[in-house]
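Following: one structure in structure tokens, then a few remarks.
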There are 2 protein chains.
Amino acid sequence: MPTTTAMRTLDEHRAASLALAAPLPTVVVGLPDALGHVLAQDVRTDEPLPRWDNSAMDGYAVRADDVRDASDATPVTLRVVADLPAGSSGRPVVEPGTAARIMTGAPVPPGADAVVPVEDTDAGTTTVEVRASKAVGQHVRRAGEDAVPGDLVVAAGTLLGPAHVAAVASVGVAQVAVHRRPRVAVISTGDELVTPGTTLAHGQIPDSNSWLLAAAVREAGGEAMRLGPVGDDPDALRDLLHGLDGGVDAIVTSGGVSVGAFDVVKAALLDEPDVVFVPVAVQPGKPQGLGRLPGGTPVFALPGNPVSSFVSFELFVRPALLRMRGLTDVERPTTTAVVDDGWRTPPGRAQVMPVRFVAPAASGAGARTPTHPHVVRATAGGSGSHLVARLALAEGLAIVPPDTQVAAGDLVTVLRVAP
Amino acid sequence: MPTTTAMRTLDEHRAASLALAAPLPTVVVGLPDALGHVLAQDVRTDEPLPRWDNSAMDGYAVRADDVRDASDATPVTLRVVADLPAGSSGRPVVEPGTAARIMTGAPVPPGADAVVPVEDTDAGTTTVEVRASKAVGQHVRRAGEDAVPGDLVVAAGTLLGPAHVAAVASVGVAQVAVHRRPRVAVISTGDELVTPGTTLAHGQIPDSNSWLLAAAVREAGGEAMRLGPVGDDPDALRDLLHGLDGGVDAIVTSGGVSVGAFDVVKAALLDEPDVVFVPVAVQPGKPQGLGRLPGGTPVFALPGNPVSSFVSFELFVRPALLRMRGLTDVERPTTTAVVDDGWRTPPGRAQVMPVRFVAPAASGAGARTPTHPHVVRATAGGSGSHLVARLALAEGLAIVPPDTQVAAGDLVTVLRVAP
């Protein structure tokens, strides 16, 4: 029988949720699949960077000694012995009195020790007139000046963005070790739920939670397996859950966790020793189930009200999925915002209010802090609203500590949930 | 022959780039594929929301008149005639003297006009003792109180996040009209480039730009087709470009746009009447090619230095791709930041400096504005560095107007390029 525990705080239940997650095993992926994964092993360079002395300019590779006295008034003429585009594998030797035409990035040929930019010459192709002196090493990028073999290129734990993928490519590495993405089964429950697009009988409504949660899993970098909606049959649900146990990295359910007579998730998990159903001191999202199935798979049993599901996913599931991906920073960015409308808060519970950002009011209390963004409730009916259509307007979640009033002009902490 | 134009400002070239883009045609996708697309047509509800009067609580549907005098001292006993879970299609009539056990969300049965929460009863199953009076309509959500048929649910132009997908599902809509994602061909050029993982001959380096740009296209919501690297053969490149023309939504090239002797992209597009090669007053990223191929496909010819490619993509290509996706807000979020290190700026050109955010310095000029984030250069070698490995540290791009000095403690505008 699930342990019954005393009411938990929001932070306690967040910690318990996160404690179920660990970075997933490493897989090796090629560059085309690396974007968005978290690197599991440092990528280092095997070679010096640059790999060889190369030209920093389009111009002529010369011996500095040959052009020591060159100037506009006393140009020096050199014989052009080679053309060296980038990628040239030729290694002509630049003897005294000669030069090689060279492009930016091309290897500086043996004998040469400086580059004269084309602007300081007559741009000749058989002979070239050099009109400025250059010091040894001028306009030459030295082999190894940026990195030596063994230097770190991208550190383990990095979320790979475009520039990281390019950095890996630039040192000639074609495959990287990354953490596997979590595979997450999403199950909405309730006899009243039918697939969207189906004709509704009286009492039926379209399932939206499984779509909400599957999309939220994808947005958190997981792979979502949407199952259901499933009906209010505890035995069937228990079989489904046990069938998934060990084959997925997490299971997220919605609905059936409350105190009603038909609480299917609670009933299905009644005998699990490692699952608790616990009230959390937060509104919305008070009834929560959390734990592990016998095969070790974490299960997050969220309440079924869509706003509660949305908020619960953000607070409890998303950080766990990010940790599974190998990230250490699993929190949404937060901002301090001015409330423009004010609202009622529940006694004894933290409140999580979906909000949207608005232009500051032209006058009044809302205008007092011009450097803070301003917010109003996204769900006109408040955080208890069942209207997922209004929830879609939410750009953030205001986190209000227990027993705190929220009046127009007050400052609140907002988790940013939209880009 | 490409038109040669005078130097453009950064803003002029951004406007010219964006002018090449228009929202792509509409396609119809199912809910599983809707996430991340931009809605092309408003989604409205065909039905009232809620669809029928339903219970806001777990409890008993009653006739308010029956419990008018109920209290703890004078409870009223009613006969329980039905169990109504959510999803129940039964419509038992609640006659005087009776009640129906009802779950949150279940339709309120005919005859009943109020709900008594279970907490105000003895929770009986054959008869129930009601210990509080309820007004007509109490704890009942009225049909249509949230929305009436025709009301807007998600507006055209919305980038569909999880809550939007759920909102669409909640009104029984299984397919939506969205803008197609742009298909973008990415081509890096240069005889010196080889595929990462290949053994390098002298003078060769691994291609990183095609990986950088393909990943950046994907991150911008496009589908990337990575071609190349291709060599410095203008005829072959021209054939490749013409073969792509009309079959993709955009082409992005890197390299071969400068004033060197082997500028393959410039040479391949020499005869295109609608392509210009133009110097832009920005560092890095001065040499740019831009225009349309004969079949109408926009082509963005970016410089080949990786930092220049990265910056050019951010400034010129990304906004155009977002517009193709149907977005109207195509700009990165910006923030004002305090510079902690200071750096040299070029005369007469805007500068775009990759930066990363740091904790404010404990003392000195950097500490003067505690509400602003602090930044330092991400690329130790400055914005001209060819070291893509350091570029990977960039979290933002500082935009410095022409002829502006940047000293430690100065404020700069930063485009946030990392989440």
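We label chains A, B, ... in the order they appear in the structure tokens, count residues from 1 in each chain, and number ligands from 1 in the order shown.
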
Report as a PyMOL selection string the set of chain B residues whose atoms approach chain A to within 6 Å, with distances computed over only C-alpha atoms.
-> chain B and resi 86-89+107+153+162-164+166-167+169-170+172-174+191-192+196-197+202-204+206+208+211-212+215-216+388-389+392

Based on the selection just made, write C-alpha atoms of those residues as a PDB file, in the first residue's frame.
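File result.pdb, as written:
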```
ATOM      1  CA  ALA B  86     -16.644  11.763 -15.149  1.00  0.00           C
ATOM      2  CA  GLY B  87     -17.440  10.392 -18.591  1.00  0.00           C
ATOM      3  CA  SER B  88     -20.753   8.961 -17.465  1.00  0.00           C
ATOM      4  CA  SER B  89     -23.267   8.920 -20.284  1.00  0.00           C
ATOM      5  CA  PRO B 107     -22.459  16.284 -16.308  1.00  0.00           C
ATOM      6  CA  VAL B 153      -8.913  29.332 -29.035  1.00  0.00           C
ATOM      7  CA  PRO B 162       2.667  22.379 -25.564  1.00  0.00           C
ATOM      8  CA  ALA B 163      -0.229  24.382 -24.092  1.00  0.00           C
ATOM      9  CA  HIS B 164      -1.357  25.488 -27.557  1.00  0.00           C
ATOM     10  CA  ALA B 166      -3.410  20.958 -25.791  1.00  0.00           C
ATOM     11  CA  ALA B 167      -5.796  23.869 -26.341  1.00  0.00           C
ATOM     12  CA  ALA B 169      -6.988  19.151 -28.681  1.00  0.00           C
ATOM     13  CA  SER B 170      -9.344  20.374 -25.963  1.00  0.00           C
ATOM     14  CA  GLY B 172     -11.766  18.414 -30.418  1.00  0.00           C
ATOM     15  CA  VAL B 173      -9.640  19.601 -33.316  1.00  0.00           C
ATOM     16  CA  ALA B 174      -7.248  16.921 -34.588  1.00  0.00           C
ATOM     17  CA  ASP B 191      39.378  23.128 -51.650  1.00  0.00           C
ATOM     18  CA  GLU B 192      41.008  22.953 -48.212  1.00  0.00           C
ATOM     19  CA  PRO B 196      35.593  15.599 -40.182  1.00  0.00           C
ATOM     20  CA  GLY B 197      37.118  12.219 -39.355  1.00  0.00           C
ATOM     21  CA  HIS B 202      49.014  18.989 -45.549  1.00  0.00           C
ATOM     22  CA  GLY B 203      46.976  22.157 -46.129  1.00  0.00           C
ATOM     23  CA  GLN B 204      43.627  20.512 -45.440  1.00  0.00           C
ATOM     24  CA  PRO B 206      38.066  19.685 -41.390  1.00  0.00           C
ATOM     25  CA  SER B 208      33.068  22.933 -39.685  1.00  0.00           C
ATOM     26  CA  TRP B 211      27.872  21.679 -39.545  1.00  0.00           C
ATOM     27  CA  LEU B 212      27.577  25.072 -37.897  1.00  0.00           C
ATOM     28  CA  ALA B 215      22.656  23.040 -36.918  1.00  0.00           C
ATOM     29  CA  ALA B 216      21.777  26.736 -36.824  1.00  0.00           C
ATOM     30  CA  VAL B 388      35.255  28.132 -33.583  1.00  0.00           C
ATOM     31  CA  ALA B 389      36.051  26.208 -30.411  1.00  0.00           C
ATOM     32  CA  ALA B 392      31.093  27.848 -28.795  1.00  0.00           C
TER      33      ALA B 392
END
```

Name the residues of range 157-267 of chain B that come out as strand (DSSP E or B) in a backbone DSSP run; write them as a PDB file with N, CA, C and O atoms, in the first residue's frame.
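Written file, states.pdb:
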```pdb
ATOM      1  N   LEU B 159       3.153  30.584 -32.460  1.00  0.00           N
ATOM      2  CA  LEU B 159       4.112  29.477 -32.425  1.00  0.00           C
ATOM      3  C   LEU B 159       3.574  28.445 -31.446  1.00  0.00           C
ATOM      4  O   LEU B 159       3.392  28.744 -30.267  1.00  0.00           O
ATOM      5  N   GLN B 175      -6.489  18.340 -36.415  1.00  0.00           N
ATOM      6  CA  GLN B 175      -5.544  18.768 -37.451  1.00  0.00           C
ATOM      7  C   GLN B 175      -5.540  20.288 -37.514  1.00  0.00           C
ATOM      8  O   GLN B 175      -6.582  20.919 -37.316  1.00  0.00           O
ATOM      9  N   VAL B 176      -4.401  20.857 -37.801  1.00  0.00           N
ATOM     10  CA  VAL B 176      -4.321  22.313 -37.899  1.00  0.00           C
ATOM     11  C   VAL B 176      -3.554  22.709 -39.156  1.00  0.00           C
ATOM     12  O   VAL B 176      -2.718  21.961 -39.659  1.00  0.00           O
ATOM     13  N   ALA B 177      -3.885  23.909 -39.649  1.00  0.00           N
ATOM     14  CA  ALA B 177      -3.168  24.482 -40.791  1.00  0.00           C
ATOM     15  C   ALA B 177      -1.996  25.291 -40.249  1.00  0.00           C
ATOM     16  O   ALA B 177      -2.185  26.194 -39.431  1.00  0.00           O
ATOM     17  N   VAL B 178      -0.806  24.923 -40.684  1.00  0.00           N
ATOM     18  CA  VAL B 178       0.411  25.607 -40.217  1.00  0.00           C
ATOM     19  C   VAL B 178       1.263  25.966 -41.430  1.00  0.00           C
ATOM     20  O   VAL B 178       1.066  25.442 -42.531  1.00  0.00           O
ATOM     21  N   HIS B 179       2.208  26.877 -41.220  1.00  0.00           N
ATOM     22  CA  HIS B 179       3.163  27.177 -42.280  1.00  0.00           C
ATOM     23  C   HIS B 179       4.202  26.066 -42.355  1.00  0.00           C
ATOM     24  O   HIS B 179       4.672  25.576 -41.333  1.00  0.00           O
ATOM     25  N   ARG B 183      12.917  24.512 -45.990  1.00  0.00           N
ATOM     26  CA  ARG B 183      13.975  23.560 -46.341  1.00  0.00           C
ATOM     27  C   ARG B 183      15.171  24.361 -46.841  1.00  0.00           C
ATOM     28  O   ARG B 183      15.036  25.122 -47.807  1.00  0.00           O
ATOM     29  N   VAL B 184      16.283  24.182 -46.214  1.00  0.00           N
ATOM     30  CA  VAL B 184      17.427  25.050 -46.483  1.00  0.00           C
ATOM     31  C   VAL B 184      18.633  24.213 -46.861  1.00  0.00           C
ATOM     32  O   VAL B 184      19.047  23.321 -46.103  1.00  0.00           O
ATOM     33  N   ALA B 185      19.190  24.475 -48.033  1.00  0.00           N
ATOM     34  CA  ALA B 185      20.439  23.822 -48.432  1.00  0.00           C
ATOM     35  C   ALA B 185      21.610  24.608 -47.864  1.00  0.00           C
ATOM     36  O   ALA B 185      21.632  25.843 -47.943  1.00  0.00           O
ATOM     37  N   VAL B 186      22.555  23.885 -47.288  1.00  0.00           N
ATOM     38  CA  VAL B 186      23.734  24.499 -46.672  1.00  0.00           C
ATOM     39  C   VAL B 186      24.967  23.972 -47.379  1.00  0.00           C
ATOM     40  O   VAL B 186      25.155  22.749 -47.479  1.00  0.00           O
ATOM     41  N   ILE B 187      25.780  24.882 -47.886  1.00  0.00           N
ATOM     42  CA  ILE B 187      26.953  24.485 -48.667  1.00  0.00           C
ATOM     43  C   ILE B 187      28.173  25.236 -48.155  1.00  0.00           C
ATOM     44  O   ILE B 187      28.194  26.467 -48.175  1.00  0.00           O
ATOM     45  N   SER B 188      29.181  24.508 -47.702  1.00  0.00           N
ATOM     46  CA  SER B 188      30.449  25.171 -47.392  1.00  0.00           C
ATOM     47  C   SER B 188      31.385  24.965 -48.565  1.00  0.00           C
ATOM     48  O   SER B 188      31.335  23.924 -49.231  1.00  0.00           O
ATOM     49  N   THR B 189      32.229  25.936 -48.819  1.00  0.00           N
ATOM     50  CA  THR B 189      33.084  25.874 -50.001  1.00  0.00           C
ATOM     51  C   THR B 189      34.548  26.029 -49.618  1.00  0.00           C
ATOM     52  O   THR B 189      34.879  26.684 -48.625  1.00  0.00           O
ATOM     53  N   LEU B 193      38.827  22.097 -47.486  1.00  0.00           N
ATOM     54  CA  LEU B 193      37.922  21.482 -46.523  1.00  0.00           C
ATOM     55  C   LEU B 193      37.709  20.006 -46.793  1.00  0.00           C
ATOM     56  O   LEU B 193      37.463  19.597 -47.920  1.00  0.00           O
ATOM     57  N   VAL B 194      37.777  19.210 -45.735  1.00  0.00           N
ATOM     58  CA  VAL B 194      37.454  17.784 -45.825  1.00  0.00           C
ATOM     59  C   VAL B 194      36.482  17.435 -44.710  1.00  0.00           C
ATOM     60  O   VAL B 194      36.377  18.148 -43.716  1.00  0.00           O
ATOM     61  N   ILE B 205      41.927  21.159 -43.836  1.00  0.00           N
ATOM     62  CA  ILE B 205      41.339  21.273 -42.500  1.00  0.00           C
ATOM     63  C   ILE B 205      39.928  20.686 -42.546  1.00  0.00           C
ATOM     64  O   ILE B 205      39.297  20.633 -43.606  1.00  0.00           O
ATOM     65  N   PRO B 206      39.423  20.238 -41.393  1.00  0.00           N
ATOM     66  CA  PRO B 206      38.066  19.685 -41.390  1.00  0.00           C
ATOM     67  C   PRO B 206      37.043  20.798 -41.637  1.00  0.00           C
ATOM     68  O   PRO B 206      37.193  21.912 -41.146  1.00  0.00           O
ATOM     69  N   GLU B 223      14.503  22.870 -41.862  1.00  0.00           N
ATOM     70  CA  GLU B 223      15.063  21.555 -42.168  1.00  0.00           C
ATOM     71  C   GLU B 223      16.314  21.790 -42.999  1.00  0.00           C
ATOM     72  O   GLU B 223      16.242  22.407 -44.061  1.00  0.00           O
ATOM     73  N   ALA B 224      17.444  21.289 -42.499  1.00  0.00           N
ATOM     74  CA  ALA B 224      18.711  21.561 -43.171  1.00  0.00           C
ATOM     75  C   ALA B 224      19.105  20.408 -44.065  1.00  0.00           C
ATOM     76  O   ALA B 224      18.977  19.241 -43.699  1.00  0.00           O
ATOM     77  N   MET B 225      19.572  20.761 -45.255  1.00  0.00           N
ATOM     78  CA  MET B 225      20.110  19.780 -46.194  1.00  0.00           C
ATOM     79  C   MET B 225      21.571  20.178 -46.349  1.00  0.00           C
ATOM     80  O   MET B 225      21.878  21.203 -46.954  1.00  0.00           O
ATOM     81  N   ARG B 226      22.460  19.389 -45.740  1.00  0.00           N
ATOM     82  CA  ARG B 226      23.879  19.753 -45.734  1.00  0.00           C
ATOM     83  C   ARG B 226      24.548  19.193 -46.979  1.00  0.00           C
ATOM     84  O   ARG B 226      24.549  17.981 -47.194  1.00  0.00           O
ATOM     85  N   LEU B 227      25.081  20.044 -47.813  1.00  0.00           N
ATOM     86  CA  LEU B 227      25.751  19.619 -49.039  1.00  0.00           C
ATOM     87  C   LEU B 227      27.177  20.122 -48.947  1.00  0.00           C
ATOM     88  O   LEU B 227      27.420  21.255 -48.562  1.00  0.00           O
ATOM     89  N   GLY B 228      28.097  19.271 -49.332  1.00  0.00           N
ATOM     90  CA  GLY B 228      29.453  19.769 -49.291  1.00  0.00           C
ATOM     91  C   GLY B 228      30.200  19.259 -48.086  1.00  0.00           C
ATOM     92  O   GLY B 228      29.688  18.387 -47.397  1.00  0.00           O
ATOM     93  N   PRO B 229      31.410  19.681 -47.851  1.00  0.00           N
ATOM     94  CA  PRO B 229      31.992  20.838 -48.503  1.00  0.00           C
ATOM     95  C   PRO B 229      32.207  20.617 -50.013  1.00  0.00           C
ATOM     96  O   PRO B 229      32.430  19.486 -50.444  1.00  0.00           O
ATOM     97  N   VAL B 230      32.105  21.685 -50.778  1.00  0.00           N
ATOM     98  CA  VAL B 230      32.400  21.605 -52.210  1.00  0.00           C
ATOM     99  C   VAL B 230      33.664  22.407 -52.482  1.00  0.00           C
ATOM    100  O   VAL B 230      34.006  23.338 -51.747  1.00  0.00           O
ATOM    101  N   ALA B 250      15.591  28.067 -49.382  1.00  0.00           N
ATOM    102  CA  ALA B 250      16.725  28.989 -49.265  1.00  0.00           C
ATOM    103  C   ALA B 250      18.007  28.200 -49.418  1.00  0.00           C
ATOM    104  O   ALA B 250      18.041  26.984 -49.179  1.00  0.00           O
ATOM    105  N   ILE B 251      19.049  28.906 -49.849  1.00  0.00           N
ATOM    106  CA  ILE B 251      20.393  28.321 -49.941  1.00  0.00           C
ATOM    107  C   ILE B 251      21.330  29.212 -49.135  1.00  0.00           C
ATOM    108  O   ILE B 251      21.293  30.438 -49.267  1.00  0.00           O
ATOM    109  N   VAL B 252      22.128  28.584 -48.286  1.00  0.00           N
ATOM    110  CA  VAL B 252      23.121  29.321 -47.506  1.00  0.00           C
ATOM    111  C   VAL B 252      24.481  28.749 -47.859  1.00  0.00           C
ATOM    112  O   VAL B 252      24.705  27.539 -47.738  1.00  0.00           O
ATOM    113  N   THR B 253      25.394  29.610 -48.317  1.00  0.00           N
ATOM    114  CA  THR B 253      26.755  29.161 -48.602  1.00  0.00           C
ATOM    115  C   THR B 253      27.709  29.842 -47.628  1.00  0.00           C
ATOM    116  O   THR B 253      27.393  30.896 -47.073  1.00  0.00           O
ATOM    117  N   SER B 254      28.887  29.220 -47.444  1.00  0.00           N
ATOM    118  CA  SER B 254      29.919  29.902 -46.674  1.00  0.00           C
ATOM    119  C   SER B 254      31.212  29.876 -47.454  1.00  0.00           C
ATOM    120  O   SER B 254      31.556  28.885 -48.091  1.00  0.00           O
TER     121      SER B 254
END
```

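Of note, CA of Thr121 in chain B and CA of Leu302 in chain A are spaced 27.1 Å apart.
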
Residues near Leu78 in chain A, cut-off 12 Å, only C-alpha atoms, skip fewer than 6 positions along chain, as a CSV table (one decimal) with N, CA and C atoms, in the first residue's frame:
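Final output, saved to out-v4.csv:
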```
chain,number,residue,atom,x,y,z
A,60,TYR,N,51.4,37.6,-50.3
A,60,TYR,CA,52.6,36.9,-50.7
A,60,TYR,C,53.4,36.5,-49.6
A,61,ALA,N,53.7,35.2,-49.6
A,61,ALA,CA,54.7,34.6,-48.6
A,61,ALA,C,56.1,35.0,-49.0
A,62,VAL,N,56.8,35.6,-48.1
A,62,VAL,CA,58.2,36.1,-48.5
A,62,VAL,C,59.2,35.7,-47.4
A,63,ARG,N,60.4,36.0,-47.7
A,63,ARG,CA,61.5,36.0,-46.6
A,63,ARG,C,61.6,37.4,-46.1
A,64,ALA,N,61.3,37.6,-44.8
A,64,ALA,CA,61.3,39.0,-44.3
A,64,ALA,C,62.6,39.7,-44.6
A,66,ASP,N,64.3,39.6,-47.3
A,66,ASP,CA,64.3,40.1,-48.6
A,66,ASP,C,63.6,41.5,-48.7
A,67,VAL,N,62.6,41.7,-47.8
A,67,VAL,CA,61.8,43.0,-48.0
A,67,VAL,C,62.1,44.0,-46.9
A,70,ALA,N,62.1,47.4,-48.1
A,70,ALA,CA,61.0,47.8,-49.1
A,70,ALA,C,60.2,49.0,-48.6
A,94,VAL,N,60.4,28.8,-50.8
A,94,VAL,CA,60.7,30.2,-51.1
A,94,VAL,C,62.1,30.5,-50.8
A,95,GLU,N,62.9,30.5,-52.0
A,95,GLU,CA,64.3,30.8,-51.9
A,95,GLU,C,64.5,32.3,-51.8
A,96,PRO,N,65.7,32.8,-51.4
A,96,PRO,CA,65.9,34.2,-51.4
A,96,PRO,C,65.6,34.8,-52.8
A,97,GLY,N,64.9,36.0,-52.8
A,97,GLY,CA,64.5,36.6,-54.1
A,97,GLY,C,63.2,36.2,-54.7
A,98,THR,N,62.6,35.3,-54.0
A,98,THR,CA,61.3,34.8,-54.5
A,98,THR,C,60.2,35.0,-53.5
A,99,ALA,N,58.9,34.7,-54.0
A,99,ALA,CA,57.7,34.9,-53.2
A,99,ALA,C,56.7,33.9,-53.7
A,100,ALA,N,55.7,33.5,-52.9
A,100,ALA,CA,54.6,32.7,-53.3
A,100,ALA,C,53.3,33.4,-53.0
A,101,ARG,N,52.5,33.5,-54.0
A,101,ARG,CA,51.2,34.1,-53.9
A,101,ARG,C,50.4,33.2,-52.9
A,116,VAL,N,53.2,39.4,-47.0
A,116,VAL,CA,52.9,40.8,-47.4
A,116,VAL,C,51.5,40.8,-47.9
A,121,THR,N,51.4,45.6,-52.3
A,121,THR,CA,52.1,45.1,-53.5
A,121,THR,C,51.4,45.6,-54.8
A,122,ASP,N,52.0,45.2,-55.9
A,122,ASP,CA,51.4,45.6,-57.2
A,122,ASP,C,50.5,44.4,-57.7
A,123,ALA,N,50.3,43.3,-56.8
A,123,ALA,CA,49.5,42.2,-57.1
A,123,ALA,C,50.0,41.4,-58.3
A,124,GLY,N,51.3,41.5,-58.6
A,124,GLY,CA,51.8,40.8,-59.8
A,124,GLY,C,51.7,39.3,-59.7
A,125,THR,N,51.7,38.6,-60.8
A,125,THR,CA,51.6,37.1,-60.9
A,125,THR,C,52.9,36.4,-61.3
A,126,THR,N,53.7,37.1,-62.0
A,126,THR,CA,55.0,36.4,-62.4
A,126,THR,C,56.1,37.0,-61.5
A,127,THR,N,56.1,38.4,-61.5
A,127,THR,CA,57.0,39.0,-60.4
A,127,THR,C,56.0,39.9,-59.6
A,128,VAL,N,56.5,40.2,-58.4
A,128,VAL,CA,55.6,41.1,-57.6
A,128,VAL,C,56.5,42.2,-56.9
A,129,GLU,N,56.0,43.4,-56.9
A,129,GLU,CA,56.6,44.5,-56.4
A,129,GLU,C,56.1,44.7,-54.9
A,130,VAL,N,57.0,44.6,-54.0
A,130,VAL,CA,56.6,44.7,-52.6
A,130,VAL,C,57.0,46.1,-52.1
A,131,ARG,N,56.0,46.8,-51.4
A,131,ARG,CA,56.2,48.2,-51.1
A,131,ARG,C,56.2,48.5,-49.6
```

Every residue of range 115-308 of chain A that DSSP places in alpha helix (DSSP H), as a ChimeraX atom specification = /A:162-170,209-219,234-244,264-268,306-308
